[in-house]
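So this block is work_39.cif, mmCIF, C-alpha atoms:
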data_coords
#
loop_
_atom_site.label_atom_id
_atom_site.label_comp_id
_atom_site.auth_asym_id
_atom_site.auth_seq_id
_atom_site.Cartn_x
_atom_site.Cartn_y
_atom_site.Cartn_z
CA MET A 1 11.08 -5.96 -18.71
CA HIS A 2 11.10 -8.98 -16.46
CA SER A 3 13.21 -12.07 -16.36
CA SER A 4 12.03 -15.43 -15.11
CA ASN A 5 12.61 -14.41 -11.51
CA GLY A 6 10.46 -11.31 -11.84
CA GLY A 7 13.40 -8.96 -12.42
CA PRO A 8 14.51 -7.13 -15.53
CA THR A 9 16.31 -8.79 -18.35
CA GLU A 10 20.05 -8.57 -18.73
CA GLU A 11 19.84 -6.08 -21.61
CA ASP A 12 22.27 -3.37 -20.56
CA PRO A 13 20.95 0.15 -21.21
CA PHE A 14 24.20 1.67 -19.96
CA ASP A 15 26.16 0.10 -22.82
CA ALA A 16 28.11 2.84 -24.60
CA GLY A 17 27.50 1.21 -27.96
CA ALA A 18 24.99 2.23 -30.60
CA GLY A 19 22.04 1.19 -28.43
CA GLY A 20 23.25 2.86 -25.23
CA ILE A 21 21.36 5.59 -23.45
CA LEU A 22 23.80 8.32 -24.52
CA ARG A 23 23.80 7.39 -28.21
CA GLN A 24 20.30 8.36 -29.26
CA PRO A 25 18.90 10.37 -32.20
CA LYS A 26 18.21 14.08 -31.76
CA ALA A 27 14.47 13.42 -31.91
CA VAL A 28 14.73 11.21 -28.82
CA TRP A 29 16.64 13.88 -26.92
CA ALA A 30 14.13 16.54 -27.96
CA THR A 31 11.23 14.44 -26.68
CA ALA A 32 13.09 13.55 -23.49
CA GLY A 33 13.94 17.21 -22.89
CA ALA A 34 10.32 18.25 -23.26
CA SER A 35 9.39 15.38 -20.92
CA VAL A 36 11.69 16.85 -18.27
CA VAL A 37 9.75 20.12 -18.41
CA ALA A 38 6.42 18.25 -18.38
CA PHE A 39 7.40 16.42 -15.20
CA MET A 40 8.69 19.67 -13.73
CA GLY A 41 5.11 20.92 -13.93
CA ILE A 42 3.99 18.31 -11.40
CA GLY A 43 6.19 19.53 -8.55
CA LEU A 44 6.47 23.14 -9.69
CA VAL A 45 3.85 24.44 -7.27
CA ASP A 46 5.20 22.56 -4.23
CA PRO A 47 7.44 25.28 -2.74
CA ILE A 48 4.98 28.06 -3.58
CA LEU A 49 1.78 26.47 -2.20
CA PRO A 50 1.90 28.61 0.97
CA SER A 51 2.66 31.70 -1.16
CA ILE A 52 -0.29 30.95 -3.44
CA ALA A 53 -2.55 30.48 -0.42
CA LYS A 54 -1.41 33.83 0.97
CA GLY A 55 -1.56 35.67 -2.37
CA LEU A 56 -5.05 34.45 -3.24
CA GLU A 57 -6.34 34.38 0.37
CA ALA A 58 -7.08 30.66 0.17
CA THR A 59 -6.98 27.82 2.69
CA PRO A 60 -4.60 24.83 2.33
CA SER A 61 -7.50 22.59 1.29
CA GLN A 62 -8.51 25.07 -1.41
CA VAL A 63 -4.95 25.36 -2.73
CA SER A 64 -4.61 21.56 -2.73
CA LEU A 65 -7.25 21.55 -5.46
CA LEU A 66 -4.44 22.67 -7.79
CA PHE A 67 -3.24 19.07 -7.65
CA THR A 68 -6.71 17.51 -7.52
CA SER A 69 -8.04 19.23 -10.64
CA TYR A 70 -4.76 18.55 -12.47
CA PHE A 71 -4.70 14.82 -11.74
CA LEU A 72 -8.44 14.25 -11.99
CA ILE A 73 -8.36 15.53 -15.55
CA THR A 74 -5.17 13.54 -16.16
CA ALA A 75 -6.91 10.34 -15.00
CA VAL A 76 -9.95 10.81 -17.23
CA ALA A 77 -7.76 11.91 -20.16
CA MET A 78 -5.96 8.55 -20.02
CA LEU A 79 -9.04 7.07 -21.71
CA VAL A 80 -8.72 9.63 -24.49
CA THR A 81 -4.99 9.70 -25.22
CA GLY A 82 -4.87 6.34 -27.00
CA PHE A 83 -8.02 7.20 -28.93
CA VAL A 84 -6.42 10.44 -30.11
CA SER A 85 -2.88 9.22 -30.84
CA SER A 86 -4.08 6.17 -32.77
CA ARG A 87 -5.91 8.53 -35.13
CA ILE A 88 -3.64 11.55 -35.54
CA GLY A 89 -0.26 9.99 -34.73
CA GLY A 90 2.27 10.40 -31.94
CA LYS A 91 3.89 13.63 -33.09
CA LYS A 92 0.64 15.54 -33.49
CA THR A 93 -0.56 14.25 -30.12
CA LEU A 94 2.64 15.47 -28.46
CA LEU A 95 2.32 18.89 -30.09
CA ALA A 96 -1.35 19.19 -29.12
CA GLY A 97 -0.46 18.39 -25.52
CA LEU A 98 2.41 20.87 -25.48
CA ALA A 99 0.23 23.60 -26.97
CA LEU A 100 -2.37 23.10 -24.24
CA VAL A 101 0.29 23.19 -21.52
CA VAL A 102 1.76 26.43 -22.89
CA LEU A 103 -1.69 28.02 -23.01
CA PHE A 104 -2.94 26.96 -19.58
CA ALA A 105 0.39 27.41 -17.78
CA ALA A 106 0.47 31.00 -19.02
CA LEU A 107 -3.17 31.52 -18.02
CA SER A 108 -2.41 30.10 -14.56
CA GLY A 109 0.04 32.94 -14.01
CA THR A 110 -2.73 35.48 -14.68
CA SER A 111 -5.22 33.98 -12.20
CA GLY A 112 -7.11 36.40 -9.99
CA SER A 113 -8.65 33.78 -7.71
CA VAL A 114 -7.96 30.27 -6.54
CA GLY A 115 -10.99 29.09 -8.52
CA GLU A 116 -9.49 30.41 -11.77
CA LEU A 117 -6.14 28.83 -10.97
CA VAL A 118 -7.73 25.46 -10.23
CA GLY A 119 -9.59 25.62 -13.55
CA PHE A 120 -6.47 26.51 -15.52
CA ARG A 121 -4.56 23.69 -13.83
CA ALA A 122 -7.26 21.31 -15.06
CA GLY A 123 -6.62 22.40 -18.64
CA TRP A 124 -2.90 22.02 -17.98
CA GLY A 125 -3.58 18.46 -16.80
CA LEU A 126 -5.29 17.60 -20.08
CA GLY A 127 -2.31 18.86 -22.07
CA ASN A 128 0.15 17.07 -19.83
CA ALA A 129 -1.78 13.80 -20.15
CA LEU A 130 -1.72 13.99 -23.95
CA PHE A 131 1.99 14.74 -23.96
CA VAL A 132 3.37 12.50 -21.24
CA SER A 133 1.24 9.45 -22.01
CA THR A 134 2.51 9.57 -25.59
CA SER A 135 6.13 10.56 -24.96
CA LEU A 136 7.35 7.11 -23.87
CA ALA A 137 5.79 5.54 -26.96
CA VAL A 138 7.58 8.09 -29.13
CA ILE A 139 10.89 7.67 -27.31
CA VAL A 140 10.74 3.89 -27.65
CA GLY A 141 9.74 4.16 -31.30
CA ALA A 142 12.55 6.55 -32.19
CA ALA A 143 15.27 5.20 -29.87
CA ALA A 144 18.26 3.16 -30.97
CA GLY A 145 19.04 -0.13 -29.27
CA GLY A 146 15.71 -1.40 -27.96
CA SER A 147 13.33 -0.54 -25.16
CA ALA A 148 15.65 -0.81 -22.14
CA ALA A 149 17.70 2.29 -22.98
CA ALA A 150 14.54 4.16 -23.99
CA ILE A 151 12.75 3.37 -20.73
CA LEU A 152 15.84 4.34 -18.76
CA LEU A 153 16.02 7.66 -20.62
CA TYR A 154 12.35 8.24 -19.88
CA GLU A 155 12.84 7.46 -16.19
CA SER A 156 15.84 9.81 -16.17
CA ALA A 157 13.66 12.59 -17.61
CA LEU A 158 11.04 11.87 -14.98
CA GLY A 159 13.55 12.03 -12.13
CA LEU A 160 15.26 15.16 -13.43
CA GLY A 161 11.93 16.90 -13.94
CA MET A 162 10.65 15.96 -10.48
CA ALA A 163 13.92 17.24 -8.98
CA CYS A 164 14.09 20.50 -10.93
CA GLY A 165 10.40 21.41 -10.73
CA PRO A 166 10.46 22.46 -7.06
CA LEU A 167 13.80 24.22 -7.61
CA LEU A 168 12.40 26.28 -10.50
CA GLY A 169 9.29 26.98 -8.48
CA ALA A 170 11.40 28.22 -5.58
CA VAL A 171 13.74 30.43 -7.62
CA LEU A 172 11.01 32.09 -9.67
CA GLY A 173 8.41 31.94 -6.91
CA ASP A 174 10.59 33.88 -4.50
CA ALA A 175 9.79 37.00 -6.52
CA SER A 176 6.15 36.14 -7.24
CA TRP A 177 4.07 32.96 -7.17
CA ARG A 178 3.01 33.81 -10.74
CA TYR A 179 6.47 33.59 -12.31
CA PRO A 180 6.88 29.78 -12.18
CA PHE A 181 3.80 29.39 -14.35
CA PHE A 182 5.10 31.83 -16.95
CA GLY A 183 8.50 30.10 -16.85
CA THR A 184 6.96 26.70 -17.51
CA ALA A 185 4.97 28.08 -20.43
CA ALA A 186 8.16 29.47 -21.98
CA LEU A 187 10.09 26.20 -21.53
CA MET A 188 7.26 24.14 -23.02
CA ALA A 189 7.10 26.51 -25.98
CA ILE A 190 10.79 25.74 -26.60
CA GLY A 191 9.95 22.03 -26.39
CA PHE A 192 7.16 22.53 -28.92
CA ILE A 193 9.61 24.08 -31.39
CA ALA A 194 12.23 21.37 -30.81
CA ILE A 195 9.79 18.52 -31.41
CA THR A 196 8.32 20.26 -34.46
CA VAL A 197 11.77 20.53 -36.02
CA LEU A 198 13.49 17.31 -34.90
CA LEU A 199 10.83 14.61 -34.58
CA LYS A 200 9.50 12.77 -37.60
CA GLU A 201 5.94 11.51 -37.55
CA GLN A 202 5.66 8.07 -35.91
CA PRO A 203 3.78 5.23 -37.63
CA LYS A 204 0.15 4.98 -36.61
CA PRO A 205 -0.94 1.67 -35.02
CA ALA A 206 -2.65 -0.81 -37.33
CA ARG A 207 -5.75 -0.80 -35.13
CA LYS A 208 -7.44 2.34 -33.82
CA THR A 209 -8.09 2.44 -30.08
CA SER A 210 -11.64 2.93 -28.82
CA LEU A 211 -12.52 4.87 -25.69
CA LEU A 212 -13.66 1.70 -23.89
CA ASP A 213 -10.62 -0.46 -24.71
CA PRO A 214 -8.66 0.64 -21.61
CA ILE A 215 -11.61 -0.23 -19.36
CA ARG A 216 -11.91 -3.66 -20.97
CA ALA A 217 -8.19 -4.22 -20.47
CA LEU A 218 -8.69 -3.96 -16.71
CA GLY A 219 -10.56 -7.24 -16.87
CA HIS A 220 -7.13 -8.87 -16.95
CA GLY A 221 -6.27 -10.04 -13.42
CA GLY A 222 -2.59 -9.12 -13.52
CA LEU A 223 -3.19 -5.60 -14.83
CA ALA A 224 -6.05 -5.01 -12.39
CA SER A 225 -3.80 -6.09 -9.51
CA ALA A 226 -0.96 -3.79 -10.63
CA ALA A 227 -3.39 -0.89 -11.03
CA ALA A 228 -4.98 -1.49 -7.61
CA SER A 229 -1.60 -1.61 -5.86
CA ALA A 230 -0.44 1.50 -7.74
CA PHE A 231 -3.65 3.29 -6.72
CA PHE A 232 -2.79 2.96 -3.01
CA TYR A 233 0.86 3.73 -3.65
CA ASN A 234 -0.03 6.92 -5.51
CA TYR A 235 -2.15 8.05 -2.58
CA ALA A 236 0.93 7.83 -0.35
CA PHE A 237 3.17 9.42 -2.99
CA PHE A 238 0.99 12.48 -3.49
CA THR A 239 0.36 12.96 0.19
CA VAL A 240 4.10 13.61 0.40
CA LEU A 241 4.14 15.83 -2.67
CA ALA A 242 1.06 17.95 -1.99
CA PHE A 243 0.64 18.06 1.79
CA THR A 244 4.19 18.10 3.14
CA PRO A 245 4.94 21.72 2.05
CA PHE A 246 2.28 22.95 4.50
CA VAL A 247 3.75 20.81 7.29
CA LEU A 248 7.31 21.99 6.65
CA ASN A 249 6.11 25.63 6.47
CA MET A 250 9.38 26.90 4.99
CA THR A 251 10.32 29.71 2.64
CA PRO A 252 10.09 28.91 -1.09
CA TYR A 253 13.89 28.61 -1.31
CA LYS A 254 14.18 26.20 1.61
CA SER A 255 11.17 24.16 0.54
CA GLY A 256 12.53 24.05 -3.01
CA ALA A 257 15.88 22.79 -1.71
CA VAL A 258 14.18 20.01 0.28
CA PHE A 259 12.19 18.83 -2.71
CA PHE A 260 15.19 19.16 -4.99
CA ALA A 261 17.08 16.74 -2.73
CA TRP A 262 13.96 14.55 -2.71
CA GLY A 263 13.90 14.58 -6.52
CA VAL A 264 17.60 13.77 -6.79
CA LEU A 265 17.11 10.66 -4.64
CA LEU A 266 14.05 9.78 -6.70
CA ALA A 267 16.08 9.98 -9.91
CA VAL A 268 19.10 8.06 -8.57
CA PHE A 269 17.05 5.22 -7.11
CA SER A 270 14.76 5.05 -10.13
CA VAL A 271 17.50 4.93 -12.75
CA LEU A 272 20.57 3.47 -11.02
CA VAL A 273 19.50 1.53 -7.93
CA ALA A 274 16.19 -0.08 -8.95
CA PRO A 275 17.58 -2.14 -11.89
CA ARG A 276 20.35 -3.56 -9.71
CA LEU A 277 17.99 -4.48 -6.88
CA GLN A 278 15.59 -6.06 -9.37
CA ARG A 279 18.34 -8.23 -10.83
CA ARG A 280 19.32 -9.41 -7.37
CA PHE A 281 15.96 -9.83 -5.63
CA GLY A 282 13.28 -9.76 -8.34
CA SER A 283 10.81 -6.99 -9.07
CA LEU A 284 7.99 -8.05 -6.77
CA LYS A 285 10.20 -8.37 -3.67
CA VAL A 286 11.72 -4.96 -4.38
CA LEU A 287 8.28 -3.43 -4.84
CA GLY A 288 6.76 -4.96 -1.72
CA GLY A 289 9.74 -4.07 0.45
CA SER A 290 9.92 -0.53 -0.87
CA LEU A 291 6.22 0.07 -0.18
CA VAL A 292 6.60 -1.11 3.43
CA LEU A 293 9.67 1.10 3.93
CA LEU A 294 7.77 4.06 2.46
CA ALA A 295 5.00 3.44 5.00
CA ALA A 296 7.52 3.48 7.86
CA ASP A 297 9.08 6.66 6.52
CA LEU A 298 5.66 8.34 6.39
CA VAL A 299 5.05 7.57 10.05
CA VAL A 300 8.41 9.18 10.94
CA LEU A 301 7.55 12.16 8.75
CA GLY A 302 4.20 12.59 10.47
CA TYR A 303 5.28 12.17 14.09
CA GLY A 304 8.87 13.45 14.12
CA ASN A 305 10.07 16.95 14.85
CA HIS A 306 10.77 19.46 12.08
CA ALA A 307 14.22 18.06 11.31
CA ALA A 308 12.80 14.53 11.14
CA ALA A 309 10.03 15.75 8.80
CA VAL A 310 12.62 17.30 6.48
CA ALA A 311 14.74 14.11 6.51
CA GLY A 312 11.66 11.93 6.04
CA THR A 313 10.55 13.97 3.05
CA VAL A 314 13.96 13.68 1.37
CA VAL A 315 14.35 9.94 2.12
CA SER A 316 10.88 9.19 0.74
CA GLY A 317 12.29 10.09 -2.69
CA ALA A 318 14.39 6.91 -2.63
CA PHE A 319 11.40 4.62 -2.07
CA ILE A 320 9.26 6.54 -4.55
CA GLY A 321 11.99 6.18 -7.18
CA LEU A 322 12.15 2.41 -6.66
CA ASN A 323 8.37 2.08 -6.83
CA ASN A 324 8.07 4.22 -9.95
CA THR A 325 10.47 2.07 -11.94
CA VAL A 326 9.05 -1.28 -10.86
CA PHE A 327 5.43 -0.24 -11.38
CA THR A 328 6.28 1.06 -14.86
CA GLU A 329 7.94 -2.20 -15.89
CA LEU A 330 5.19 -4.29 -14.31
CA ALA A 331 2.52 -2.38 -16.22
CA LEU A 332 4.46 -2.84 -19.45
CA GLY A 333 4.84 -6.59 -18.99
CA VAL A 334 1.86 -8.02 -17.17
CA SER A 335 -1.11 -7.50 -19.50
CA ASP A 336 -2.23 -9.43 -22.56
CA ALA A 337 -3.78 -6.27 -24.07
CA PRO A 338 -1.75 -4.03 -26.41
CA ARG A 339 0.59 -1.95 -24.33
CA PRO A 340 -0.95 1.48 -25.06
CA VAL A 341 -4.40 0.16 -24.16
CA ALA A 342 -3.26 -1.64 -21.01
CA SER A 343 -1.28 1.31 -19.76
CA ALA A 344 -4.19 3.68 -20.36
CA GLY A 345 -6.44 1.51 -18.18
CA TYR A 346 -3.74 1.15 -15.55
CA ASN A 347 -3.10 4.90 -15.38
CA PHE A 348 -6.81 5.68 -15.41
CA VAL A 349 -7.13 3.81 -12.10
CA ARG A 350 -4.04 5.00 -10.31
CA TRP A 351 -4.23 8.71 -11.15
CA PHE A 352 -7.52 8.98 -9.29
CA ALA A 353 -5.49 8.44 -6.12
CA ALA A 354 -3.18 11.29 -7.14
CA ALA A 355 -6.29 13.46 -7.42
CA ALA A 356 -7.72 12.28 -4.09
CA ALA A 357 -4.67 12.59 -1.83
CA PRO A 358 -4.04 16.37 -2.18
CA TYR A 359 -7.70 17.05 -1.37
CA LEU A 360 -8.18 14.52 1.43
CA ALA A 361 -4.91 15.10 3.31
CA PRO A 362 -5.72 18.66 4.50
CA LYS A 363 -9.33 17.61 5.14
CA ILE A 364 -8.13 14.76 7.36
CA GLU A 365 -5.98 17.25 9.25
CA GLU A 366 -9.01 19.50 9.76
CA TRP A 367 -11.03 16.55 11.06
CA SER A 368 -8.30 15.19 13.34
CA ASP A 369 -4.72 16.47 13.66
CA ILE A 370 -1.59 17.04 11.57
CA HIS A 371 -0.34 13.46 12.13
CA MET A 372 -3.30 11.56 10.70
CA PRO A 373 -2.82 12.38 6.99
CA PHE A 374 0.54 10.62 7.14
CA VAL A 375 -0.90 7.66 9.04
CA VAL A 376 -3.57 7.24 6.37
CA ALA A 377 -0.91 7.49 3.65
CA ALA A 378 1.23 4.89 5.45
CA VAL A 379 -1.75 2.52 5.63
CA ALA A 380 -2.35 3.06 1.91
CA ALA A 381 1.28 2.10 1.14
CA VAL A 382 0.93 -1.06 3.24
CA ILE A 383 -2.28 -1.98 1.41
CA GLY A 384 -0.37 -1.60 -1.86
CA ALA A 385 2.29 -4.00 -0.56
CA VAL A 386 -0.36 -6.49 0.60
CA ILE A 387 -1.91 -6.53 -2.88
CA VAL A 388 1.49 -7.30 -4.40
CA TRP A 389 2.02 -10.11 -1.87
CA VAL A 390 -1.43 -11.67 -2.27
CA ARG A 391 -1.30 -11.48 -6.07
CA ARG A 392 2.43 -12.28 -6.40
CA THR A 393 1.96 -15.63 -8.13
CA SER A 394 -0.45 -14.23 -10.70
CA LEU A 395 1.66 -11.13 -11.32
CA ARG A 396 4.89 -13.08 -11.73
CA HIS A 397 3.52 -15.90 -13.87
CA GLU A 398 1.54 -13.61 -16.15
CA ALA A 399 4.54 -11.35 -16.67
CA GLU A 400 6.70 -14.32 -17.64
CA GLU A 401 4.07 -15.75 -19.98
CA LEU A 402 3.54 -12.45 -21.79
CA GLU A 403 7.18 -11.40 -22.09
CA PRO A 404 7.79 -12.88 -25.59
CA ARG A 405 4.62 -11.30 -26.93
CA HIS A 406 5.48 -7.83 -25.64
CA ARG A 407 8.98 -8.02 -27.04
CA THR A 408 7.46 -7.93 -30.53
CA GLU A 409 5.12 -4.99 -29.96
CA ASP A 410 5.99 -1.55 -31.21
CA GLY A 411 3.68 0.70 -29.20
CA VAL A 412 4.32 1.72 -25.61
CA ALA A 413 2.46 4.43 -23.74
CA VAL A 414 2.84 4.47 -19.99
CA PHE A 415 2.71 7.65 -17.99
CA ALA A 416 5.15 6.23 -15.50
CA ASN A 417 4.69 8.80 -12.79
#
I'd like the structure from this file rewritten - as structure tokens, please.
Amino acid sequence: MHSSNGGPTEEDPFDAGAGGILRQPKAVWATAGASVVAFMGIGLVDPILPSIAKGLEATPSQVSLLFTSYFLITAVAMLVTGFVSSRIGGKKTLLAGLALVVLFAALSGTSGSVGELVGFRAGWGLGNALFVSTSLAVIVGAAAGGSAAAILLYESALGLGMACGPLLGAVLGDASWRYPFFGTAALMAIGFIAITVLLKEQPKPARKTSLLDPIRALGHGGLASAAASAFFYNYAFFTVLAFTPFVLNMTPYKSGAVFFAWGVLLAVFSVLVAPRLQRRFGSLKVLGGSLVLLAADLVVLGYGNHAAAVAGTVVSGAFIGLNNTVFTELALGVSDAPRPVASAGYNFVRWFAAAAAPYLAPKIEEWSDIHMPFVVAAVAAVIGAVIVWVRRTSLRHEAEELEPRHRTEDGVAVFAN
């Protein structure tokens, strides 16, 4: 949430009282735990991308389609998740998503060609979209003590999952690139059981969401600006996530260690550092500055030696963590549409960049050299910052005007990152 200066309110999610982050019902912890595994699935393939390419005799651009198919389906599914959850309820939507992830993660491990694996990852993306886009709504609905602790718990799950995904991929992938997929399927099956047992059905919204509502919500200037900036940011983000493993060219263990360190910084800056910087400087200044610093880091990553590339990859986690938190809160506060509808439209736009970057980055390298994908990503991050700067008055004023209204709403559904 935002205060009058564009930063978060003074609600303290670290309070050890009844509303604190550590004092939550079992259902909240079950959902958060499954969310960790869901986010692990995003970075799981990072350290094993070269191994997959070798095992299936595929080129880097072909293997990058594992991300493209996953996020393309995720983007389109954002228009469907609200439609589904408003009709069958949050719990059933979570379970449907988990079931799809279990199925397609297991099938991914049986793939005999890169084409099969890309197709199974697309089905995995649909399941992940259903689960993750609904999980924050469920966590907020079931949490004790208001939205601040719930959002912090969600961001913690995101950071932990992004950190542990590459580590799990490295440990299991050292034996075979197939094992990480089977491991994810098993962990998500445990999450399915936990949510079935511990989570009560959430109240359905009073109004059912149509498929076109998220598109209509993008007619709001503040939400459209946030989505446009996040689109360019996500291009930079997923250039790091999907293309850097080929540049580093390390063993699964070493690559997993690099991305584990990256994920730890992402989690720390998302959960601990971002709220403090927002209180001091305001959300929009933090966001704009972080995007510019990410652009500078990408240039170092692209043009430095191997040690600089490793350091640049790890440090980028700090800026990505800051951006993730601020974009999430901005999307929650800036629109006059119901939160689930606004966030679906917002995510529909920005996840197309996550689908584009893994495909375009190796293509740009083929057309030019290994440096240019990072230059393009740096330019994208700067464009994101420029949008925030140009639209700063609208973003800030609309967030302040809508704050009281959003405080009274019950539904939240933002796939933060």
Please provide the set of residues having any atom within 10 Å of A:Ala257, restricted to all atoms listed in the file, with same-chain residues fewer than 2 positions apart removed, written as a list of chain:residue names.
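Non-adjacent residues within range: A:Pro47, A:Ala163, A:Cys164, A:Pro166, A:Leu167, A:Ala170, A:Val171, A:Thr251, A:Pro252, A:Tyr253, A:Lys254, A:Ser255, A:Phe259, A:Phe260, A:Ala261, A:Trp262, A:Gly263, A:Val314.
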Taking C-alpha atoms for each residue, export the selection above as a CSV table (one decimal), keeping the file's coordinate frame.
chain,number,residue,atom,x,y,z
A,47,PRO,CA,7.4,25.3,-2.7
A,163,ALA,CA,13.9,17.2,-9.0
A,164,CYS,CA,14.1,20.5,-10.9
A,166,PRO,CA,10.5,22.5,-7.1
A,167,LEU,CA,13.8,24.2,-7.6
A,170,ALA,CA,11.4,28.2,-5.6
A,171,VAL,CA,13.7,30.4,-7.6
A,251,THR,CA,10.3,29.7,2.6
A,252,PRO,CA,10.1,28.9,-1.1
A,253,TYR,CA,13.9,28.6,-1.3
A,254,LYS,CA,14.2,26.2,1.6
A,255,SER,CA,11.2,24.2,0.5
A,259,PHE,CA,12.2,18.8,-2.7
A,260,PHE,CA,15.2,19.2,-5.0
A,261,ALA,CA,17.1,16.7,-2.7
A,262,TRP,CA,14.0,14.6,-2.7
A,263,GLY,CA,13.9,14.6,-6.5
A,314,VAL,CA,14.0,13.7,1.4
Find the nearest atom pair between each residue of stretch 183-268 of chain A and stretch 85-103 of chain A for residues within 8 Å, count all atoms listed in the file, give distances in Å to one decimal, sort rows by chain and ascending number, and present the table as CSV.
residue,atom,partner,partner_atom,distance
A:Thr184,CA,A:Val102,CA,7.5
A:Ala185,CA,A:Val102,CA,4.4
A:Ala186,CA,A:Val102,CA,7.1
A:Met188,CA,A:Val102,CA,6.0
A:Ala189,CA,A:Val102,CA,6.2
A:Gly191,CA,A:Leu98,CA,7.7
A:Phe192,CA,A:Leu98,CA,6.1
A:Ile195,CA,A:Leu95,CA,7.6
A:Thr196,CA,A:Leu95,CA,7.5
A:Leu199,CA,A:Lys91,CA,7.2
A:Lys200,CA,A:Lys91,CA,7.2
A:Glu201,CA,A:Lys91,CA,5.3
A:Gln202,CA,A:Gly90,CA,5.7
A:Pro203,CA,A:Gly89,CA,6.9
A:Lys204,CA,A:Gly89,CA,5.4
A:Pro205,CA,A:Ser86,CA,5.9
A:Arg207,CA,A:Ser86,CA,7.5
A:Lys208,CA,A:Ser86,CA,5.2
A:Thr209,CA,A:Ser86,CA,6.1
Taking 6 positions as the minimum chain separation for residues in the same chain, which residues sit within 9 Å of A:Ser113 when counting only C-alpha atoms? Answer as an mmCIF file with C-alpha atoms, in the coordinates of the input.
data_model
loop_
_atom_site.group_PDB
_atom_site.id
_atom_site.type_symbol
_atom_site.label_atom_id
_atom_site.label_comp_id
_atom_site.auth_asym_id
_atom_site.auth_seq_id
_atom_site.Cartn_x
_atom_site.Cartn_y
_atom_site.Cartn_z
ATOM 1 C CA LEU A 56 -5.050 34.450 -3.240
ATOM 2 C CA GLU A 57 -6.340 34.380 0.370
ATOM 3 C CA ALA A 58 -7.080 30.660 0.170
#
Any chance you could work out the residue set of the PyMOL selection byres ((chain A and resi 69-79) around 7) here, as number ranges by chain?
A: 65-68, 80-82, 118, 121-122, 124-126, 129, 211, 214, 344, 347-348, 351-352, 354-355
Determine the residue membership of the PyMOL selection byres ((chain A and resi 331) around 9) for the file above and supply it as a PyMOL selection string.
chain A and resi 222-223+226-227+326-330+332-335+339+342-343+346+414
Scan for residues within 8 Å of the point (5.6, 30.0, -6.1) in the coordinates of the file, using only C-alpha atoms, and reply as a ChimeraX atom specification.
/A:44-49,51-52,169-170,172-174,176-180,252
Hits of the PyMOL selection byres ((chain A and resi 273) around 12) in this structure, as a CSV table (one decimal) with C-alpha atoms, keeping the file's coordinate frame:
chain,number,residue,atom,x,y,z
A,152,LEU,CA,15.8,4.3,-18.8
A,265,LEU,CA,17.1,10.7,-4.6
A,266,LEU,CA,14.0,9.8,-6.7
A,267,ALA,CA,16.1,10.0,-9.9
A,268,VAL,CA,19.1,8.1,-8.6
A,269,PHE,CA,17.0,5.2,-7.1
A,270,SER,CA,14.8,5.0,-10.1
A,271,VAL,CA,17.5,4.9,-12.8
A,272,LEU,CA,20.6,3.5,-11.0
A,274,ALA,CA,16.2,-0.1,-9.0
A,275,PRO,CA,17.6,-2.1,-11.9
A,276,ARG,CA,20.4,-3.6,-9.7
A,277,LEU,CA,18.0,-4.5,-6.9
A,278,GLN,CA,15.6,-6.1,-9.4
A,279,ARG,CA,18.3,-8.2,-10.8
A,280,ARG,CA,19.3,-9.4,-7.4
A,286,VAL,CA,11.7,-5.0,-4.4
A,318,ALA,CA,14.4,6.9,-2.6
A,319,PHE,CA,11.4,4.6,-2.1
A,320,ILE,CA,9.3,6.5,-4.6
A,321,GLY,CA,12.0,6.2,-7.2
A,322,LEU,CA,12.2,2.4,-6.7
A,323,ASN,CA,8.4,2.1,-6.8
A,324,ASN,CA,8.1,4.2,-10.0
A,325,THR,CA,10.5,2.1,-11.9
A,326,VAL,CA,9.0,-1.3,-10.9
Using only C-alpha atoms, which protein or nucleic acid residues come within 10 Å of A:Thr110? Drop anything in the same chain fewer than 6 positions from it, and give the result as a compact mmCIF listing (two decimals) with C-alpha atoms, in the coordinates of the input.
# COMPACT_ATOMS: atom_id res chain seq x y z
CA PHE A 104 -2.94 26.96 -19.58
CA GLU A 116 -9.49 30.41 -11.77
CA LEU A 117 -6.14 28.83 -10.97
CA PHE A 120 -6.47 26.51 -15.52
CA ARG A 178 3.01 33.81 -10.74
CA TYR A 179 6.47 33.59 -12.31
CA PHE A 181 3.80 29.39 -14.35
CA PHE A 182 5.10 31.83 -16.95
Given the choices A:Lys54, A:Arg23, A:His306, A:Arg350, which gets closest to A:Gly384 if the distance is worked out from only C-alpha atoms?
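Checking each candidate against A:Gly384, we get A:Arg350 as the closest.
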Between A:Val63, A:Ser210, A:Tyr233, A:Phe83, which residue has the minimum interatomic distance to A:Val349, considering only C-alpha atoms?
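Of A:Val63, A:Ser210, A:Tyr233, A:Phe83, the one nearest A:Val349, counting only C-alpha atoms, is A:Tyr233.
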Shortest contact to A:Leu287, candidates A:Ala230, A:Ala53, A:Leu198, A:Val84, atoms counted only C-alpha atoms, goes to A:Ala230
Tell me, as a VMD selection string, which residues lie within 9 Å of stretch 367-371 of chain A, counting all atoms listed in the file; anything in the same chain fewer than 6 positions away does not count.
chain A and resid 247 299 301 to 303
To one decimal place in Å, what is the distance between atom CA of A:Glu155 and atom CA of A:Leu284?
18.8 Å
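Nearest-residue note for A:Ser35: choosing from A:Asn234, A:Thr134, A:Thr244, A:Ser283, the minimum distance belongs to A:Thr134, counting only C-alpha atoms.
Between atom CA of A:Pro245 and atom CA of A:Glu365 lies a distance of 13.8 Å.
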